[in-house]
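The next block is upload38.txt, given as compact mmCIF, C-alpha atoms.
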```txt
# COMPACT_ATOMS: atom_id res chain seq x y z
CA SER P 1 98.42 88.78 107.01
CA HIS P 2 94.84 88.74 105.73
CA LEU P 3 95.80 87.24 102.41
CA SER P 4 93.50 84.26 102.81
CA GLU P 5 90.43 86.33 101.85
CA TRP P 6 92.18 87.34 98.62
CA THR P 7 93.36 83.84 97.74
CA VAL P 8 91.65 82.25 94.77
CA ASN P 9 91.85 78.57 93.90
CA PHE P 10 93.17 78.38 90.34
CA ASN P 11 90.84 75.46 89.59
CA ASP P 12 87.85 77.71 90.30
CA ILE P 13 88.73 79.91 87.32
CA GLU P 14 87.59 79.12 83.80
CA LEU P 15 90.41 80.29 81.57
CA GLY P 16 89.31 81.79 78.25
CA ASP P 17 90.99 83.54 75.33
CA TRP P 18 94.51 84.96 75.44
CA ILE P 19 94.35 88.78 75.52
CA GLY P 20 98.02 89.74 75.44
CA GLY P 21 101.40 89.59 77.10
CA GLY P 22 102.28 91.76 80.08
CA ARG P 23 105.38 92.40 82.16
CA ILE P 24 104.61 89.54 84.51
CA GLY P 25 103.29 87.04 81.98
CA ASP P 26 100.37 86.32 79.65
CA VAL P 27 96.91 87.77 80.24
CA TYR P 28 93.74 85.76 79.60
CA LYS P 29 90.05 86.38 79.75
CA GLY P 30 88.58 84.31 82.53
CA ASN P 31 85.38 83.54 84.36
CA TRP P 32 85.34 83.71 88.15
CA HIS P 33 81.96 84.86 89.48
CA GLY P 34 81.70 86.78 86.20
CA GLN P 35 84.20 88.01 83.63
CA VAL P 36 87.73 88.74 84.84
CA ALA P 37 91.26 89.21 83.53
CA VAL P 38 93.77 86.58 84.67
CA LYS P 39 97.47 87.49 84.61
CA LEU P 40 99.55 84.33 84.82
CA ILE P 41 102.99 84.66 86.40
CA GLU P 42 105.71 82.98 84.34
CA ILE P 43 107.32 80.99 87.15
CA LYS P 44 106.81 77.26 87.42
CA GLU P 45 108.92 76.67 90.54
CA PRO P 46 109.18 79.88 92.56
CA THR P 47 111.76 80.11 95.30
CA VAL P 48 110.73 81.00 98.85
CA ILE P 49 112.03 84.55 98.24
CA GLN P 50 110.08 84.90 94.98
CA LEU P 51 106.89 83.62 96.62
CA GLN P 52 107.37 86.09 99.46
CA ALA P 53 107.92 88.94 96.96
CA PHE P 54 104.72 87.96 95.15
CA LYS P 55 102.72 87.91 98.39
CA MET P 56 104.13 91.30 99.38
CA GLN P 57 102.98 92.80 96.09
CA VAL P 58 99.53 91.23 96.49
CA GLN P 59 99.36 92.99 99.88
CA THR P 60 100.02 96.26 98.04
CA PHE P 61 97.49 95.58 95.28
CA ARG P 62 94.72 94.80 97.74
CA LYS P 63 95.12 98.25 99.30
CA THR P 64 94.29 99.98 96.02
CA ARG P 65 90.70 101.00 95.39
CA HIS P 66 89.94 103.89 93.08
CA GLU P 67 87.36 104.31 90.33
CA ASN P 68 90.10 104.97 87.76
CA LEU P 69 92.23 101.96 88.69
CA VAL P 70 91.50 98.47 87.45
CA LEU P 71 89.93 96.50 90.32
CA PHE P 72 92.19 93.94 92.00
CA MET P 73 90.01 90.94 92.85
CA GLY P 74 92.39 88.31 94.14
CA ALA P 75 95.39 86.13 93.46
CA CYS P 76 96.30 82.48 92.99
CA MET P 77 99.19 81.88 95.37
CA GLU P 78 99.73 78.14 95.20
CA PRO P 79 102.67 77.13 92.96
CA PRO P 80 102.92 76.24 90.14
CA LYS P 81 99.87 78.40 89.34
CA LEU P 82 100.58 81.97 90.39
CA ALA P 83 98.18 84.57 88.98
CA ILE P 84 96.63 87.97 89.60
CA ILE P 85 92.91 88.42 88.97
CA THR P 86 91.47 91.83 88.10
CA SER P 87 88.31 93.19 86.57
CA LEU P 88 88.27 92.84 82.78
CA CYS P 89 88.81 95.95 80.65
CA LYS P 90 86.31 95.44 77.85
CA ASP P 91 87.15 98.43 75.67
CA HIS P 92 90.37 99.44 73.84
CA HIS P 93 93.38 100.95 75.55
CA LEU P 94 94.37 104.52 74.66
CA TYR P 95 97.30 103.27 72.58
CA ARG P 96 94.97 101.39 70.24
CA ARG P 97 92.60 104.34 69.94
CA ILE P 98 95.43 106.77 69.16
CA HIS P 99 97.97 104.72 67.18
CA GLY P 100 95.85 101.86 65.85
CA LEU P 101 92.49 103.45 65.06
CA LYS P 102 94.15 106.86 64.42
CA GLU P 103 91.55 108.69 66.46
CA THR P 104 91.88 112.34 67.35
CA LEU P 105 90.00 112.76 70.59
CA PRO P 106 88.26 116.10 71.23
CA VAL P 107 90.13 118.41 73.61
CA ASN P 108 87.45 118.24 76.30
CA LYS P 109 87.63 114.43 76.30
CA VAL P 110 91.45 114.52 76.51
CA MET P 111 91.19 116.88 79.50
CA LEU P 112 88.69 114.58 81.19
CA ILE P 113 91.02 111.60 80.64
CA LEU P 114 94.06 113.50 81.97
CA LYS P 115 92.17 114.59 85.10
CA GLN P 116 91.14 110.98 85.77
CA ILE P 117 94.68 109.67 85.26
CA ALA P 118 96.12 112.38 87.53
CA GLN P 119 93.61 111.62 90.28
CA ALA P 120 94.27 107.88 90.10
CA MET P 121 98.04 108.48 90.13
CA SER P 122 97.71 110.88 93.08
CA TYR P 123 95.84 108.12 94.92
CA LEU P 124 98.42 105.45 94.00
CA HIS P 125 101.29 107.66 95.18
CA SER P 126 99.45 108.39 98.44
CA ARG P 127 99.39 104.61 98.98
CA GLY P 128 103.13 104.43 98.37
CA VAL P 129 102.79 102.75 94.98
CA VAL P 130 104.99 103.90 92.07
CA HIS P 131 103.43 102.79 88.78
CA ALA P 132 106.78 102.70 86.91
CA ASP P 133 105.06 101.77 83.64
CA LEU P 134 102.50 104.49 82.97
CA LYS P 135 101.81 104.50 79.22
CA THR P 136 98.84 104.54 76.87
CA LYS P 137 98.87 100.74 76.60
CA ASN P 138 98.13 100.59 80.34
CA ILE P 139 95.18 102.99 80.27
CA PHE P 140 91.82 101.59 79.10
CA PHE P 141 88.47 103.12 78.27
CA GLU P 142 85.81 101.66 80.55
CA ASN P 143 83.21 103.74 78.73
CA GLU P 144 83.43 106.92 76.67
CA SER P 145 83.73 109.13 79.74
CA LYS P 146 85.87 106.98 82.03
CA VAL P 147 89.34 105.42 81.88
CA VAL P 148 91.08 102.96 84.19
CA ILE P 149 94.80 102.44 84.72
CA THR P 150 96.18 98.91 84.75
CA ASP P 151 99.48 97.18 85.57
CA PHE P 152 100.51 99.54 88.38
CA GLY P 153 103.38 97.97 90.32
CA HIS P 154 103.76 95.18 87.76
CA PHE P 155 107.14 96.43 86.58
CA ARG P 156 108.41 96.21 90.14
CA LEU P 157 106.88 92.78 90.62
CA ALA P 158 108.50 91.56 87.38
CA ALA P 159 111.84 92.91 88.60
CA GLU P 160 111.51 91.38 92.06
CA LEU P 161 110.54 88.04 90.58
CA LYS P 162 113.44 88.49 88.13
CA LEU P 163 111.12 87.79 85.20
CA GLU P 164 112.82 90.37 83.00
CA GLU P 165 116.32 90.22 84.34
CA THR P 166 119.48 89.00 82.74
CA ARG P 167 122.43 87.65 84.72
CA SER P 168 123.71 91.18 85.17
CA GLY P 169 120.60 92.03 87.17
CA VAL P 170 119.22 94.63 84.80
CA VAL P 171 115.93 94.87 82.97
CA LYS P 172 115.08 94.43 79.28
CA PHE P 173 114.13 97.40 77.15
CA PRO P 174 110.89 96.80 75.20
CA TYR P 175 109.84 98.69 72.06
CA GLY P 176 108.09 102.03 72.63
CA TRP P 177 109.14 102.31 76.26
CA VAL P 178 111.82 104.94 75.71
CA TYR P 179 109.25 107.69 75.08
CA TYR P 180 108.03 107.49 78.68
CA LEU P 181 111.43 107.40 80.36
CA ALA P 182 112.58 110.45 82.32
CA PRO P 183 116.05 111.96 81.65
CA GLU P 184 117.43 110.65 84.97
CA ILE P 185 116.49 107.11 83.86
CA ILE P 186 117.78 107.58 80.32
CA ARG P 187 121.11 108.92 81.63
CA SER P 188 121.67 105.81 83.70
CA LEU P 189 121.19 103.41 80.80
CA SER P 190 124.01 100.94 80.52
CA PRO P 191 125.66 100.60 77.06
CA ASN P 192 123.41 97.67 76.13
CA GLN P 193 120.27 99.69 76.95
CA LYS P 194 119.34 98.03 80.19
CA LEU P 195 117.61 99.55 83.19
CA HIS P 196 117.64 99.19 86.95
CA ARG P 197 114.22 99.20 88.60
CA LYS P 198 115.28 101.43 91.51
CA LEU P 199 115.44 104.42 89.16
CA PHE P 200 111.66 104.57 88.93
CA THR P 201 110.10 107.12 91.27
CA LYS P 202 106.94 109.17 91.73
CA GLU P 203 108.73 111.90 89.77
CA SER P 204 109.47 109.59 86.84
CA ASP P 205 105.74 108.68 86.82
CA VAL P 206 105.01 112.41 86.32
CA TYR P 207 107.42 112.52 83.35
CA ALA P 208 105.59 109.54 81.81
CA PHE P 209 102.30 111.40 82.35
CA GLY P 210 103.78 114.24 80.27
CA THR P 211 104.31 111.81 77.39
CA VAL P 212 100.77 110.41 77.75
CA SER P 213 99.43 114.01 77.68
CA TYR P 214 101.43 114.83 74.55
CA GLU P 215 100.36 111.58 72.87
CA LEU P 216 96.67 112.30 73.48
CA PHE P 217 96.91 115.79 71.98
CA ALA P 218 99.41 115.11 69.18
CA THR P 219 98.33 111.49 68.37
CA VAL P 220 102.01 110.53 68.02
CA TRP P 221 104.86 109.86 70.43
CA PRO P 222 107.32 112.68 71.18
CA PHE P 223 110.47 112.42 69.01
CA HIS P 224 108.62 109.72 67.04
CA GLU P 225 110.67 110.40 63.90
CA CYS P 226 113.99 109.98 65.73
CA SER P 227 116.02 106.82 66.17
CA LEU P 228 116.26 105.18 69.60
CA GLU P 229 119.89 106.33 69.93
CA SER P 230 118.92 109.90 69.04
CA ILE P 231 116.09 109.96 71.62
CA ILE P 232 118.40 108.59 74.32
CA TYR P 233 120.98 111.24 73.48
CA GLN P 234 118.52 114.16 73.27
CA VAL P 235 116.36 113.36 76.32
CA GLY P 236 119.46 112.48 78.33
CA LYS P 237 120.82 115.97 77.85
CA GLY P 238 117.49 117.65 78.55
CA ALA P 239 115.98 118.23 75.09
CA LYS P 240 112.18 118.27 74.90
CA GLN P 241 109.84 117.64 72.01
CA SER P 242 108.77 120.96 70.47
CA LEU P 243 105.13 121.75 71.22
CA SER P 244 104.84 124.56 68.64
CA LYS P 245 102.59 122.52 66.33
CA LEU P 246 100.32 121.36 69.15
CA ASP P 247 96.88 122.95 68.79
CA VAL P 248 96.24 123.50 72.50
CA ALA P 249 96.33 126.52 74.76
CA ARG P 250 99.59 127.95 76.05
CA GLU P 251 98.96 126.88 79.66
CA MET P 252 98.55 123.24 78.62
CA LYS P 253 101.85 123.38 76.71
CA ASP P 254 103.48 124.91 79.79
CA LEU P 255 102.11 122.04 81.86
CA ILE P 256 103.43 119.34 79.51
CA ASN P 257 106.85 120.99 79.54
CA HIS P 258 106.61 121.11 83.32
CA PHE P 259 105.87 117.37 83.51
CA TRP P 260 108.95 116.90 81.34
CA SER P 261 111.20 119.00 83.64
CA TYR P 262 114.80 117.84 83.45
CA HIS P 263 115.22 117.88 87.25
CA PRO P 264 112.88 115.41 88.98
CA GLY P 265 112.47 117.73 91.96
CA LYS P 266 110.93 120.42 89.75
CA ARG P 267 108.01 118.21 88.68
CA SER P 268 104.87 118.83 90.71
CA ASP P 269 103.20 115.90 92.45
CA PHE P 270 99.95 114.48 91.12
CA LYS P 271 97.91 116.05 93.91
CA LEU P 272 98.89 119.53 92.68
CA ILE P 273 98.68 118.46 89.03
CA SER P 274 95.05 117.39 89.61
CA LYS P 275 94.27 120.82 91.07
CA ILE P 276 95.95 122.64 88.17
CA LEU P 277 94.08 120.54 85.57
CA GLU P 278 90.79 121.34 87.33
CA LYS P 279 91.58 125.06 87.10
CA ILE P 280 92.15 125.13 83.36
CA PRO P 281 88.73 126.19 82.01
CA MET P 282 87.18 124.97 78.78
CA THR P 283 85.20 126.84 76.19
CA LYS P 284 83.85 125.46 72.91
CA GLY P 285 86.26 122.56 73.20
CA ARG P 286 89.27 124.87 73.43
CA LEU P 287 91.35 125.69 76.48
CA TYR P 288 91.59 129.32 77.34
CA ARG P 289 92.78 131.46 80.21
CA SER P 290 89.95 133.14 82.08
CA PRO P 291 90.81 136.28 84.05
CA SER P 292 88.35 135.22 86.76
CA GLN P 293 90.10 131.88 87.29
CA PRO P 294 93.26 131.75 89.42
CA VAL P 295 95.10 129.76 86.75
CA SER P 296 97.98 132.19 86.42
CA HIS P 297 99.20 132.00 89.98
CA MET P 298 98.91 128.20 90.01
CA LEU P 299 100.92 128.06 86.82
CA ARG P 300 103.48 130.62 87.95
CA ALA P 301 105.59 127.90 89.52
CA VAL P 302 105.15 125.88 86.35
CA GLU P 303 106.14 128.74 84.05
CA ALA P 304 109.19 129.55 86.20
CA ASP P 305 110.81 126.51 84.60
CA PHE P 306 111.18 128.22 81.24
```
Kindly transcribe the structure held in the file into structure tokens.
Amino acid sequence: SHLSEWTVNFNDIELGDWIGGGRIGDVYKGNWHGQVAVKLIEIKEPTVIQLQAFKMQVQTFRKTRHENLVLFMGACMEPPKLAIITSLCKDHHLYRRIHGLKETLPVNKVMLILKQIAQAMSYLHSRGVVHADLKTKNIFFENESKVVITDFGHFRLAAELKLEETRSGVVKFPYGWVYYLAPEIIRSLSPNQKLHRKLFTKESDVYAFGTVSYELFATVWPFHECSLESIIYQVGKGAKQSLSKLDVAREMKDLINHFWSYHPGKRSDFKLISKILEKIPMTKGRLYRSPSQPVSHMLRAVEADF
């Protein structure tokens, strides 16, 4: 394996301020040939199997290069200091812009963001990587016209390293996560609201993209006024957030509902989603259906769901 060229000596990194906590451990600003983000893995004495799992994931990360994915730069692979080094996201994530700063982004900017996310996700899936944790907290503005996705594959890495697992071998259920979980995942929740990582698929990533789309347009989570138990019950039996109050064109609402399809097999893949998003024309900041654009036939499969 060519991991040696991606191996970074932990002592070569200047660790700076704490930025936040992630699935695999705490994230710090750092300096390593310039500003970086350093994600420390919370394992002091990894087993041989854990170390192997970590190296396997690093192999996956190093294969990912896309302008809308955070740049993987290397990893510290010598215990007790295990870490992943990526480029530093200097601006806010979408979650902060929407829920913290209460911004309503213009429709054309939302469409630009969604196209970029879909393209990056299409690329990730083509590389065999399921994100499993696509949410607005993992999508950052790099500048006002570009976003990057972070933490792809981290949920799986956390599960393989058993960072989030209890003795029963199931994963913890953090606040705000339920809104992004597809019905097939919700239905398999155990009574104490725990999740198995194998339930996450390319199709469940598409469902999460539906929630991100809704969040960007509505500036709230779907079912945000409902209790956790109510959401689990409703989504589990196939209920969807009403889009009647959403001030976007009909074809965009159809698309969001399509991303939220109850049956995973009915959700389009991100390659097709990217094409459909490109075909939805814009005028004066509003979406509209142009008779000269072949939107209708591309959406026919989408609309057949309703």
Practice task
Show me as an NGL selection string the residues that reach within 10 Å of (95.2, 108.3, 86.2), counting only C-alpha atoms and using the file's own coordinates.
Solution key: :P and (66-69 or 113-124 or 134 or 139 or 147-150 or 209 or 270 or 274)
Practice task
Choose the residue, out of P:Val129, P:Met111, P:Leu199, P:Met77, that has the smallest atom-to-atom separation from Arg187 in chain P; count only C-alpha atoms.
Solution key: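 The shortest atom-to-atom distance to Arg187 in chain P comes from P:Leu199.
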Exercise for the section: Find, counting all atoms listed in the file, the residue in P:Ala158, P:Leu112, P:Ala83, P:Leu189 that gets nearest to Val38 in chain P. Expected result: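 Once distances to Val38 in chain P are computed over all atoms listed in the file, the minimum belongs to P:Ala83.
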Check which residues of range 251-281 of chain P sit at most 12 Å from range 223-236 of chain P using all atoms listed in the file, and return one row each with the closest pair of atoms and their distance in Å to one decimal, ordered by chain and rising number, as a Markdown table.
```
| residue | atom | partner | partner_atom | distance |
| --- | --- | --- | --- | --- |
| P:Trp260 | CA | P:Val235 | CA | 9.6 |
| P:Ser261 | CA | P:Val235 | CA | 10.6 |
| P:Tyr262 | CA | P:Val235 | CA | 8.6 |
| P:His263 | CA | P:Gly236 | CA | 11.3 |
```
Filtering to C-alpha atoms, could you give me those residues as a PDB file, keeping the file's coordinate frame?
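Result file follows (selection-v9.pdb):
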```pdb
ATOM      1  CA  TRP P 260     108.950 116.900  81.340  1.00  0.00           C
ATOM      2  CA  SER P 261     111.200 119.000  83.640  1.00  0.00           C
ATOM      3  CA  TYR P 262     114.800 117.840  83.450  1.00  0.00           C
ATOM      4  CA  HIS P 263     115.220 117.880  87.250  1.00  0.00           C
TER       5      HIS P 263
END
```
Exercise for the section: Mind giving me the straight-line distance from CA of Gly25 in chain P to CA of Pro46 in chain P in Å, one decimal? Expected result: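 Those two atoms sit 14.1 Å apart.
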Practice task
Mind checking which residues fall within 12 Å of Glu5 in chain P, counting only C-alpha atoms, ignoring those fewer than 2 positions away in the same chain, and posting them as a list in words?
Solution key: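 Listing them by chain and then by number gives Ser1, His2, Leu3, Thr7, Val8, Asn9, Val58, Gln59, Arg62, Met73, Gly74, Ala75, Cys76 and Met77 of chain P.
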Write the residues of the preceding selection, restricted to C-alpha atoms, as a short mmCIF file (atom, residue, chain, number, x, y, z; two decimals), in the coordinates of the input.
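Final output, saved to result.cif:
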```
data_model
loop_
_atom_site.label_atom_id
_atom_site.label_comp_id
_atom_site.auth_asym_id
_atom_site.auth_seq_id
_atom_site.Cartn_x
_atom_site.Cartn_y
_atom_site.Cartn_z
CA SER P 1 98.42 88.78 107.01
CA HIS P 2 94.84 88.74 105.73
CA LEU P 3 95.80 87.24 102.41
CA THR P 7 93.36 83.84 97.74
CA VAL P 8 91.65 82.25 94.77
CA ASN P 9 91.85 78.57 93.90
CA VAL P 58 99.53 91.23 96.49
CA GLN P 59 99.36 92.99 99.88
CA ARG P 62 94.72 94.80 97.74
CA MET P 73 90.01 90.94 92.85
CA GLY P 74 92.39 88.31 94.14
CA ALA P 75 95.39 86.13 93.46
CA CYS P 76 96.30 82.48 92.99
CA MET P 77 99.19 81.88 95.37
#
```
Practice task
Can you work out the spacing between CA of Ile256 in chain P and CA of Asp151 in chain P in Å, to one decimal?
Solution key: 23.3 Å
Exercise for the section: Rank nothing, just name the residue among P:Asn257, P:Ser145, P:Thr64, P:Gln241 nearest to Lys109 in chain P, using all atoms listed in the file. Expected result: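 Of P:Asn257, P:Ser145, P:Thr64, P:Gln241, the one nearest Lys109 in chain P, counting all atoms listed in the file, is P:Ser145.
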Practice task
Check the smallest atom-to-atom distance from each of P:Leu157, P:Met252, P:Leu71, P:Ala208 to Thr86 in chain P using only C-alpha atoms, then report the winner.
Solution key: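 Ranking P:Leu157, P:Met252, P:Leu71, P:Ala208 by distance to Thr86 in chain P, first place goes to P:Leu71.
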Practice task
Point out the residue among P:Asn31, P:Gln52, P:Thr47, P:Ser204 with the least atom-to-atom distance to Phe10 in chain P, counting only C-alpha atoms.
Solution key: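 Looking only at the distances to Phe10 in chain P, the closest residue turns out to be P:Asn31.
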Exercise for the section: Using CA of Gly238 in chain P and CA of Leu181 in chain P as the two end points, give the distance in Å to one decimal. Expected result: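 It comes out at 12.0 Å.
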Exercise for the section: Rank P:Gly34, P:Ile98, P:Phe141, P:Pro174 by their smallest atom-to-atom distance to Val212 in chain P, using only C-alpha atoms, and report the top residue only. Expected result: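 Distance minimum relative to Val212 in chain P lands on P:Ile98.
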Practice task
Find the spatial neighbours of Lys39 in chain P, counting only C-alpha atoms, within a cut-off of 9 Å - ignore same-chain residues fewer than 3 positions away - and output them as a list in words.
Solution key: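 Contacts, with the query itself left out: Gly21, Gly22, Ile24, Gly25, Asp26, Val27, Tyr28, Lys29, Leu82, Ala83, Ile84, Ile85 and Thr86 of chain P.
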Quick one: range 100-111 of chain P from the block, N, CA, C and O atoms, as a tab-separated table (two decimals), in the first residue's frame.
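Final file, result.tsv:
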```tsv
chain	number	residue	atom	x	y	z
P	100	GLY	N	-28.49	29.18	12.85
P	100	GLY	CA	-27.85	30.10	13.80
P	100	GLY	C	-28.04	31.55	13.41
P	100	GLY	O	-28.54	32.36	14.18
P	101	LEU	N	-27.63	31.88	12.17
P	101	LEU	CA	-27.71	33.26	11.69
P	101	LEU	C	-29.06	33.58	11.07
P	101	LEU	O	-29.32	34.71	10.67
P	102	LYS	N	-29.93	32.54	10.97
P	102	LYS	CA	-31.30	32.71	10.46
P	102	LYS	C	-31.34	33.34	9.07
P	102	LYS	O	-32.16	34.19	8.77
P	103	GLU	N	-30.40	32.91	8.23
P	103	GLU	CA	-30.35	33.45	6.87
P	103	GLU	C	-31.35	32.75	5.97
P	103	GLU	O	-31.52	31.54	6.05
P	104	THR	N	-31.98	33.51	5.09
P	104	THR	CA	-32.74	32.91	4.00
P	104	THR	C	-31.93	33.15	2.73
P	104	THR	O	-31.77	34.28	2.30
P	105	LEU	N	-31.40	32.07	2.19
P	105	LEU	CA	-30.56	32.21	1.01
P	105	LEU	C	-31.43	32.38	-0.23
P	105	LEU	O	-32.48	31.75	-0.34
P	106	PRO	N	-31.01	33.22	-1.19
P	106	PRO	CA	-31.80	33.36	-2.41
P	106	PRO	C	-31.89	32.02	-3.17
P	106	PRO	O	-30.98	31.20	-3.09
P	107	VAL	N	-32.99	31.86	-3.88
P	107	VAL	CA	-33.26	30.58	-4.56
P	107	VAL	C	-32.12	30.19	-5.49
P	107	VAL	O	-31.71	29.02	-5.55
P	108	ASN	N	-31.58	31.16	-6.23
P	108	ASN	CA	-30.52	30.80	-7.19
P	108	ASN	C	-29.26	30.30	-6.46
P	108	ASN	O	-28.57	29.40	-6.95
P	109	LYS	N	-29.00	30.84	-5.26
P	109	LYS	CA	-27.85	30.36	-4.50
P	109	LYS	C	-28.12	28.95	-3.95
P	109	LYS	O	-27.23	28.09	-3.97
P	110	VAL	N	-29.35	28.71	-3.48
P	110	VAL	CA	-29.72	27.37	-3.00
P	110	VAL	C	-29.54	26.35	-4.13
P	110	VAL	O	-28.98	25.27	-3.93
P	111	MET	N	-30.00	26.70	-5.33
P	111	MET	CA	-29.87	25.78	-6.47
P	111	MET	C	-28.41	25.50	-6.79
P	111	MET	O	-28.03	24.36	-7.06
```
